[in-house]
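Participant: So here's my_file22.txt (compact mmCIF, C-alpha atoms and all ligand atoms).
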# COMPACT_ATOMS: atom_id res chain seq x y z
CA MET X 13 -14.47 0.33 -47.19
CA GLY X 14 -11.41 2.29 -45.98
CA ARG X 15 -8.11 2.15 -47.81
CA LEU X 16 -6.32 0.90 -44.68
CA GLU X 17 -8.79 -1.82 -43.71
CA SER X 18 -6.95 -4.58 -41.77
CA THR X 19 -3.81 -2.42 -41.55
CA VAL X 20 -1.98 -2.09 -38.22
CA ALA X 21 0.23 0.96 -37.66
CA VAL X 22 2.57 2.24 -34.98
CA ILE X 23 2.74 6.06 -34.94
CA THR X 24 5.35 7.81 -32.80
CA GLY X 25 4.45 11.25 -31.49
CA GLY X 26 0.82 10.48 -32.26
CA GLY X 27 -0.35 12.42 -29.21
CA SER X 28 -0.69 15.79 -30.89
CA GLY X 29 -0.16 17.86 -34.03
CA LEU X 30 0.64 15.95 -37.18
CA GLY X 31 0.87 12.55 -35.47
CA ALA X 32 -2.61 12.98 -34.00
CA ALA X 33 -3.96 13.99 -37.42
CA ILE X 34 -2.36 10.91 -39.03
CA THR X 35 -3.84 8.70 -36.29
CA SER X 36 -7.29 10.15 -36.89
CA ARG X 37 -7.10 9.63 -40.66
CA PHE X 38 -5.69 6.11 -40.30
CA VAL X 39 -8.59 5.15 -38.02
CA GLU X 40 -11.04 6.71 -40.49
CA GLU X 41 -9.49 4.58 -43.24
CA GLY X 42 -9.98 1.40 -41.18
CA ALA X 43 -6.56 0.97 -39.54
CA ARG X 44 -5.82 -0.02 -35.95
CA VAL X 45 -3.11 2.12 -34.41
CA VAL X 46 -0.59 1.99 -31.57
CA VAL X 47 0.55 5.46 -30.50
CA LEU X 48 3.94 5.86 -28.80
CA ASP X 49 4.29 9.24 -27.09
CA ARG X 50 6.00 10.70 -24.06
CA SER X 51 2.91 12.60 -22.86
CA ALA X 52 0.56 10.64 -20.58
CA GLU X 53 -2.09 13.33 -20.89
CA LYS X 54 -2.17 13.23 -24.69
CA LEU X 55 -2.27 9.43 -24.67
CA ALA X 56 -5.22 9.39 -22.27
CA ALA X 57 -7.07 11.76 -24.62
CA ALA X 58 -6.36 9.45 -27.59
CA GLU X 59 -7.62 6.38 -25.69
CA ASN X 60 -10.81 8.19 -24.71
CA ARG X 61 -11.41 9.32 -28.25
CA TYR X 62 -10.84 6.05 -30.08
CA GLY X 63 -11.56 3.26 -27.60
CA GLY X 64 -10.15 -0.12 -28.65
CA THR X 65 -9.07 0.93 -32.15
CA VAL X 66 -6.10 2.80 -30.74
CA ARG X 67 -3.71 1.48 -28.08
CA THR X 68 -1.15 3.71 -26.45
CA VAL X 69 2.33 3.25 -25.06
CA ARG X 70 3.99 5.87 -22.93
CA GLY X 71 7.69 6.15 -23.54
CA SER X 72 10.45 7.88 -25.43
CA VAL X 73 11.50 7.19 -29.00
CA THR X 74 15.06 7.68 -27.78
CA ALA X 75 14.90 4.29 -26.00
CA PHE X 76 14.92 1.11 -28.09
CA ALA X 77 12.90 -0.70 -25.41
CA ASP X 78 10.04 1.79 -25.71
CA ASN X 79 9.90 1.45 -29.51
CA ALA X 80 9.99 -2.32 -29.07
CA ARG X 81 7.13 -2.17 -26.54
CA ALA X 82 4.96 -0.25 -29.01
CA CYS X 83 5.68 -2.83 -31.72
CA SER X 84 4.91 -5.69 -29.29
CA VAL X 85 1.54 -4.14 -28.49
CA ALA X 86 0.79 -4.02 -32.23
CA GLU X 87 1.70 -7.69 -32.52
CA ASN X 88 -0.01 -8.93 -29.35
CA GLU X 89 -3.17 -6.82 -29.49
CA PHE X 90 -3.70 -6.41 -33.23
CA GLY X 91 -1.91 -9.45 -34.68
CA GLY X 92 1.08 -7.85 -36.41
CA LEU X 93 2.44 -4.64 -37.90
CA ASP X 94 2.03 -3.23 -41.42
CA VAL X 95 3.17 0.39 -41.15
CA PHE X 96 5.67 2.09 -38.84
CA ILE X 97 5.39 5.88 -38.83
CA GLY X 98 8.35 7.66 -37.23
CA ASN X 99 7.08 11.14 -36.50
CA ALA X 100 7.99 12.38 -32.99
CA GLY X 101 10.31 15.35 -33.29
CA LEU X 102 11.81 18.44 -31.69
CA TRP X 103 12.49 21.83 -33.31
CA ASP X 104 15.27 24.30 -32.50
CA PHE X 105 13.09 27.39 -33.00
CA SER X 106 15.47 28.53 -35.76
CA ARG X 107 18.22 29.36 -33.26
CA THR X 108 21.13 30.61 -35.35
CA LEU X 109 24.78 29.74 -34.84
CA PHE X 110 25.60 33.26 -33.60
CA ASP X 111 22.63 33.26 -31.21
CA SER X 112 23.56 29.90 -29.67
CA THR X 113 26.03 29.42 -26.86
CA PRO X 114 28.53 26.59 -27.30
CA GLU X 115 26.80 24.82 -24.37
CA HIS X 116 23.41 25.09 -26.09
CA LEU X 117 24.82 23.72 -29.34
CA ASP X 118 26.57 20.87 -27.56
CA ALA X 119 23.72 19.67 -25.34
CA GLY X 120 21.01 20.76 -27.82
CA PHE X 121 22.60 18.64 -30.55
CA ASP X 122 22.50 15.54 -28.34
CA GLU X 123 18.89 16.05 -27.26
CA LEU X 124 17.51 17.02 -30.67
CA PHE X 125 19.40 14.40 -32.66
CA ALA X 126 18.44 11.76 -30.09
CA VAL X 127 14.77 12.32 -30.94
CA ASN X 128 14.86 13.33 -34.63
CA VAL X 129 17.50 10.87 -35.83
CA LYS X 130 18.26 8.19 -33.24
CA GLY X 131 14.53 7.88 -32.54
CA TYR X 132 13.92 7.05 -36.21
CA VAL X 133 16.76 4.50 -36.35
CA LEU X 134 15.69 2.75 -33.13
CA GLY X 135 12.06 2.74 -34.24
CA ALA X 136 13.08 1.17 -37.54
CA LYS X 137 15.15 -1.44 -35.69
CA ALA X 138 12.20 -2.37 -33.49
CA ALA X 139 9.68 -2.49 -36.35
CA ALA X 140 11.72 -4.18 -39.09
CA PRO X 141 11.33 -7.84 -37.98
CA LEU X 142 7.53 -7.47 -37.83
CA LEU X 143 7.34 -5.53 -41.10
CA ARG X 144 9.39 -8.18 -42.88
CA ARG X 145 6.70 -10.72 -42.03
CA THR X 146 3.90 -8.60 -43.46
CA ARG X 147 5.87 -7.02 -46.34
CA GLY X 148 5.01 -3.74 -44.66
CA ASN X 149 6.52 -0.29 -44.82
CA MET X 150 7.91 2.65 -42.88
CA VAL X 151 7.03 6.32 -43.35
CA PHE X 152 9.08 9.03 -41.63
CA THR X 153 8.09 12.63 -41.04
CA LEU X 154 10.79 14.93 -42.36
CA SER X 155 10.27 18.63 -43.11
CA ASN X 156 10.99 21.35 -45.65
CA ALA X 157 14.16 21.54 -43.52
CA ALA X 158 15.19 18.12 -44.90
CA LEU X 159 15.48 19.70 -48.34
CA TYR X 160 16.02 23.46 -47.97
CA PRO X 161 17.72 25.87 -45.54
CA GLY X 162 15.68 28.32 -43.48
CA GLY X 163 13.17 25.93 -41.92
CA GLY X 164 15.05 25.86 -38.63
CA GLY X 165 18.48 26.50 -37.22
CA VAL X 166 21.56 24.44 -37.98
CA LEU X 167 20.64 21.64 -35.55
CA TYR X 168 17.11 21.07 -36.85
CA THR X 169 18.08 21.40 -40.52
CA ALA X 170 20.98 18.98 -40.07
CA SER X 171 18.76 16.50 -38.19
CA LYS X 172 16.09 16.50 -40.90
CA HIS X 173 18.71 16.15 -43.65
CA ALA X 174 20.03 13.19 -41.62
CA GLY X 175 16.49 11.79 -41.60
CA LEU X 176 16.61 11.71 -45.40
CA GLY X 177 19.80 9.66 -45.13
CA VAL X 178 18.03 7.24 -42.79
CA VAL X 179 15.21 6.83 -45.32
CA ARG X 180 17.47 6.28 -48.33
CA GLN X 181 19.83 3.88 -46.57
CA LEU X 182 17.03 1.82 -45.02
CA ALA X 183 15.12 1.71 -48.31
CA TYR X 184 18.25 0.20 -49.82
CA GLU X 185 18.96 -2.22 -46.95
CA LEU X 186 15.42 -3.41 -46.35
CA ALA X 187 14.35 -3.93 -49.97
CA PRO X 188 12.64 -5.87 -51.33
CA GLU X 189 10.66 -6.86 -48.23
CA ILE X 190 10.06 -3.46 -46.61
CA ARG X 191 9.39 -0.13 -48.34
CA VAL X 192 10.77 3.00 -46.63
CA ASN X 193 9.58 6.51 -47.53
CA ALA X 194 9.17 9.98 -46.07
CA VAL X 195 6.83 12.93 -46.06
CA ALA X 196 8.16 16.50 -45.85
CA PRO X 197 5.50 18.82 -44.46
CA GLY X 198 5.94 22.57 -44.11
CA GLY X 199 5.20 24.78 -41.10
CA MET X 200 2.01 24.39 -39.06
CA ALA X 201 0.80 25.53 -35.64
CA THR X 202 1.18 22.48 -33.39
CA ASP X 203 2.52 21.64 -29.94
CA LEU X 204 6.04 21.22 -31.38
CA ARG X 205 8.67 21.89 -28.70
CA GLY X 206 12.43 22.37 -28.53
CA PRO X 207 15.22 20.79 -26.49
CA GLU X 208 15.17 21.38 -22.74
CA ALA X 209 18.93 21.77 -22.93
CA MET X 210 18.43 24.92 -25.03
CA ASP X 211 15.63 26.26 -22.78
CA LEU X 212 13.21 25.70 -25.67
CA SER X 213 10.79 23.21 -24.14
CA ASP X 214 8.29 25.53 -22.47
CA GLN X 215 6.42 27.01 -25.41
CA PRO X 216 5.00 25.29 -28.48
CA ILE X 217 5.78 26.57 -31.97
CA GLY X 218 2.16 27.63 -32.38
CA ALA X 219 2.38 30.00 -29.40
CA ALA X 220 5.98 31.14 -29.81
CA ILE X 221 5.77 32.47 -33.36
CA PRO X 222 3.01 33.23 -35.90
CA ILE X 223 4.00 30.15 -37.92
CA GLY X 224 0.88 30.15 -40.11
CA LYS X 225 1.41 33.77 -41.13
CA ILE X 226 5.13 33.18 -41.76
CA VAL X 227 4.39 30.26 -44.08
CA ARG X 228 1.62 32.20 -45.85
CA GLU X 229 3.87 35.18 -46.46
CA ASN X 230 6.93 33.22 -47.57
CA SER X 231 5.58 30.39 -49.70
CA ALA X 232 4.58 30.44 -53.35
CA LEU X 233 1.02 29.31 -52.67
CA GLY X 234 0.40 31.82 -49.86
CA ILE X 235 -1.68 29.53 -47.63
CA GLU X 236 -1.62 28.67 -43.92
CA PRO X 237 -1.40 24.88 -43.77
CA CYS X 238 -2.70 22.78 -40.90
CA ALA X 239 -1.71 19.22 -39.90
CA GLU X 240 -4.71 17.72 -41.74
CA ASP X 241 -3.35 19.12 -45.04
CA TYR X 242 -0.46 16.65 -44.86
CA VAL X 243 -2.02 13.34 -43.85
CA GLU X 244 -3.12 12.03 -47.24
CA ALA X 245 0.50 11.31 -48.21
CA TYR X 246 0.84 8.95 -45.24
CA VAL X 247 -2.20 6.99 -46.40
CA LEU X 248 -0.79 6.82 -49.91
CA LEU X 249 2.68 5.66 -48.83
CA GLY X 250 1.39 3.44 -46.02
CA SER X 251 -1.00 1.54 -48.22
CA GLY X 252 0.57 -1.52 -49.83
CA ARG X 253 -2.05 -1.40 -52.56
CA GLU X 254 -1.63 2.25 -53.54
CA SER X 255 2.16 2.59 -53.56
CA ARG X 256 3.71 -0.84 -53.90
CA THR X 257 6.29 0.50 -56.40
CA VAL X 258 7.52 3.32 -54.15
CA THR X 259 10.57 3.21 -51.89
CA GLY X 260 13.34 5.60 -50.85
CA THR X 261 11.33 8.66 -51.78
CA VAL X 262 10.32 11.81 -49.97
CA ILE X 263 7.08 13.53 -50.87
CA ASP X 264 7.64 17.25 -50.49
CA LEU X 265 4.32 18.72 -49.35
CA SER X 266 5.84 21.97 -48.12
CA GLY X 267 5.54 23.97 -51.34
CA PHE X 268 8.89 25.57 -50.52
CA GLY X 269 10.57 24.16 -53.63
CA ILE X 270 9.12 27.05 -55.62
CA PRO X 271 10.10 30.61 -54.66
CA ARG X 272 7.42 33.18 -53.95
CA ARG X 273 6.67 35.31 -57.02
CA PRO X 274 7.32 39.02 -56.35
CA ALA X 275 4.06 40.96 -55.99
N1 LIG A 1 5.04 21.99 -36.79
C1 LIG A 1 5.78 22.27 -37.84
O1 LIG A 1 5.86 23.44 -38.27
C2 LIG A 1 6.51 21.17 -38.55
C3 LIG A 1 7.01 21.43 -39.85
C4 LIG A 1 7.69 20.43 -40.52
C5 LIG A 1 7.89 19.20 -39.92
N2 LIG A 1 7.41 18.97 -38.66
C6 LIG A 1 7.67 17.67 -38.06
O2 LIG A 1 6.44 17.05 -37.74
C7 LIG A 1 6.67 16.07 -36.71
C8 LIG A 1 5.56 16.17 -35.68
O3 LIG A 1 5.65 17.43 -35.04
P1 LIG A 1 4.36 18.32 -34.67
O4 LIG A 1 4.59 19.64 -35.32
O5 LIG A 1 3.12 17.57 -34.92
O6 LIG A 1 4.65 18.56 -33.10
P2 LIG A 1 3.86 18.07 -31.78
O7 LIG A 1 4.75 18.44 -30.64
O8 LIG A 1 2.47 18.58 -31.78
O9 LIG A 1 3.85 16.49 -31.92
C9 LIG A 1 4.98 15.73 -31.60
C10 LIG A 1 4.62 14.68 -30.57
O10 LIG A 1 5.82 13.96 -30.28
C11 LIG A 1 5.87 13.71 -28.88
N3 LIG A 1 7.27 13.55 -28.50
C12 LIG A 1 8.26 14.48 -28.46
N4 LIG A 1 9.40 13.92 -28.07
C13 LIG A 1 9.15 12.61 -27.86
C14 LIG A 1 9.93 11.50 -27.44
N5 LIG A 1 11.23 11.64 -27.15
N6 LIG A 1 9.34 10.29 -27.37
C15 LIG A 1 8.03 10.13 -27.64
N7 LIG A 1 7.23 11.14 -28.03
C16 LIG A 1 7.79 12.36 -28.14
C17 LIG A 1 5.23 14.94 -28.24
O11 LIG A 1 4.71 14.63 -26.95
C18 LIG A 1 4.11 15.25 -29.24
O12 LIG A 1 2.89 14.59 -28.89
C19 LIG A 1 8.09 16.32 -36.20
O13 LIG A 1 8.95 15.35 -36.73
C20 LIG A 1 8.42 17.69 -36.74
O14 LIG A 1 9.80 17.87 -36.92
C21 LIG A 1 6.72 19.92 -37.97
Once you've parsed the file, please lay out its structure as structure tokens.

Facilitator:
Amino acid sequence: MGRLESTVAVITGGGSGLGAAITSRFVEEGARVVVLDRSAEKLAAAENRYGGTVRTVRGSVTAFADNARACSVAENEFGGLDVFIGNAGLWDFSRTLFDSTPEHLDAGFDELFAVNVKGYVLGAKAAAPLLRRTRGNMVFTLSNAALYPGGGGVLYTASKHAGLGVVRQLAYELAPEIRVNAVAPGGMATDLRGPEAMDLSDQPIGAAIPIGKIVRENSALGIEPCAEDYVEAYVLLGSGRESRTVTGTVIDLSGFGIPRRPA
């Protein structure tokens, strides 16, 4: 029997990369999942792969109504909601302050924060009434950039630090009914894009830079992680049985807390 048997989850950005890997593991563990993503193509692929175990909603996490639609599908099709996973995100491709125009910083801030921060707050707002009924929980995808500099430029690092604030404040506000936690993965080759307003939406991180090699060469453990390396923490935090004492925490899976030992 899976550890998430009779669990219903909403996963934002579940169309590819880490979100797709979490969806796959959740299904393996017995959960039923609603994926909210902006890509119709990725959602069609998820529906084909999982059949009735996974429902999809096309929309943007930046709109409350789209988050609410995903939660309604969980309620109407699967009978309720136990776990909300806020995961959809944008990266700034480590654009530095000097390399950014004022226009890029201005419009890029709005677009990136709208997804990485507002998207998490609106998702939480849509999910909270349902999670209160089930004594469920939220798990948010942060990043090494939520804890350390150098995992992005100023916009991304600030947005992921803000995500930590969202987690801590909501853990405080929503206790004792709803647990709120986060996972901080490190770099991985995915379809992660940047803001259109900064001309960073055309290429994914995996094609734009050798992210695996960069992580291998700069982290203490010297490995190239993939999305599947990070999913176990979502099962742990999402499961009411396995982590009922845990709220307001971030599990740092990035390995970047320890400097690389000189050769
Ligand atoms: N890839 C990395 O190196 C890395 C490292 C640390 C943290 N993260 C974080 O992991 C999370 C997932 O990113 P990923 O690397 O799997 O990238 P990804 O692009 O493969 O997956 C993100 C998904 O979110 C969807 N999405 C983007 N904007 C959306 C919106 N406004 N509304 C709905 N869906 C939207 C995309 O279509 C995509 O399917 C992000 O929060 C990211 O910041 C990624």

Participant: As a PyMOL selection string, please: every protein or nucleic acid residue near ligand LIG 1 (chain A) (cut-off 7 Å, counting only C-alpha atoms and all ligand atoms).

Facilitator: chain X and resi 24-31+48-51+54+71-74+99-103+127-128+153-156+196-205+217+223

Participant: Could you check how far atom CA of X:Thr19 sits from atom CA of X:Gly177, in Å to one decimal?

Facilitator: 26.8 Å

Participant: Of the candidates X:Leu142, X:Phe105, X:Arg67, X:Ala183, which shows the shortest atom-to-atom distance to X:Ala219, using only C-alpha atoms?

Facilitator: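 Once distances to X:Ala219 are computed over only C-alpha atoms, the minimum belongs to X:Phe105.
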
Participant: Could you tell me which of X:Ala21, X:Ala138, X:Ala57, X:Leu233 comes closest to X:Arg273 if we count only C-alpha atoms?

Facilitator: X:Leu233

Participant: Choose the residue, out of X:Ala86, X:Ala140, X:Val47, X:Ala32, that has the smallest atom-to-atom separation from X:Arg70; count all atoms listed in the file.

Facilitator: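 So, comparing all the options, the nearest one is X:Val47.
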
Participant: Between X:Asp94, X:Asp264, X:Glu185, X:Asp211, which is the closest to X:Leu117 once you count all atoms listed in the file?

Facilitator: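 Between X:Asp94, X:Asp264, X:Glu185, X:Asp211, the residue approaching X:Leu117 most closely is X:Asp211.
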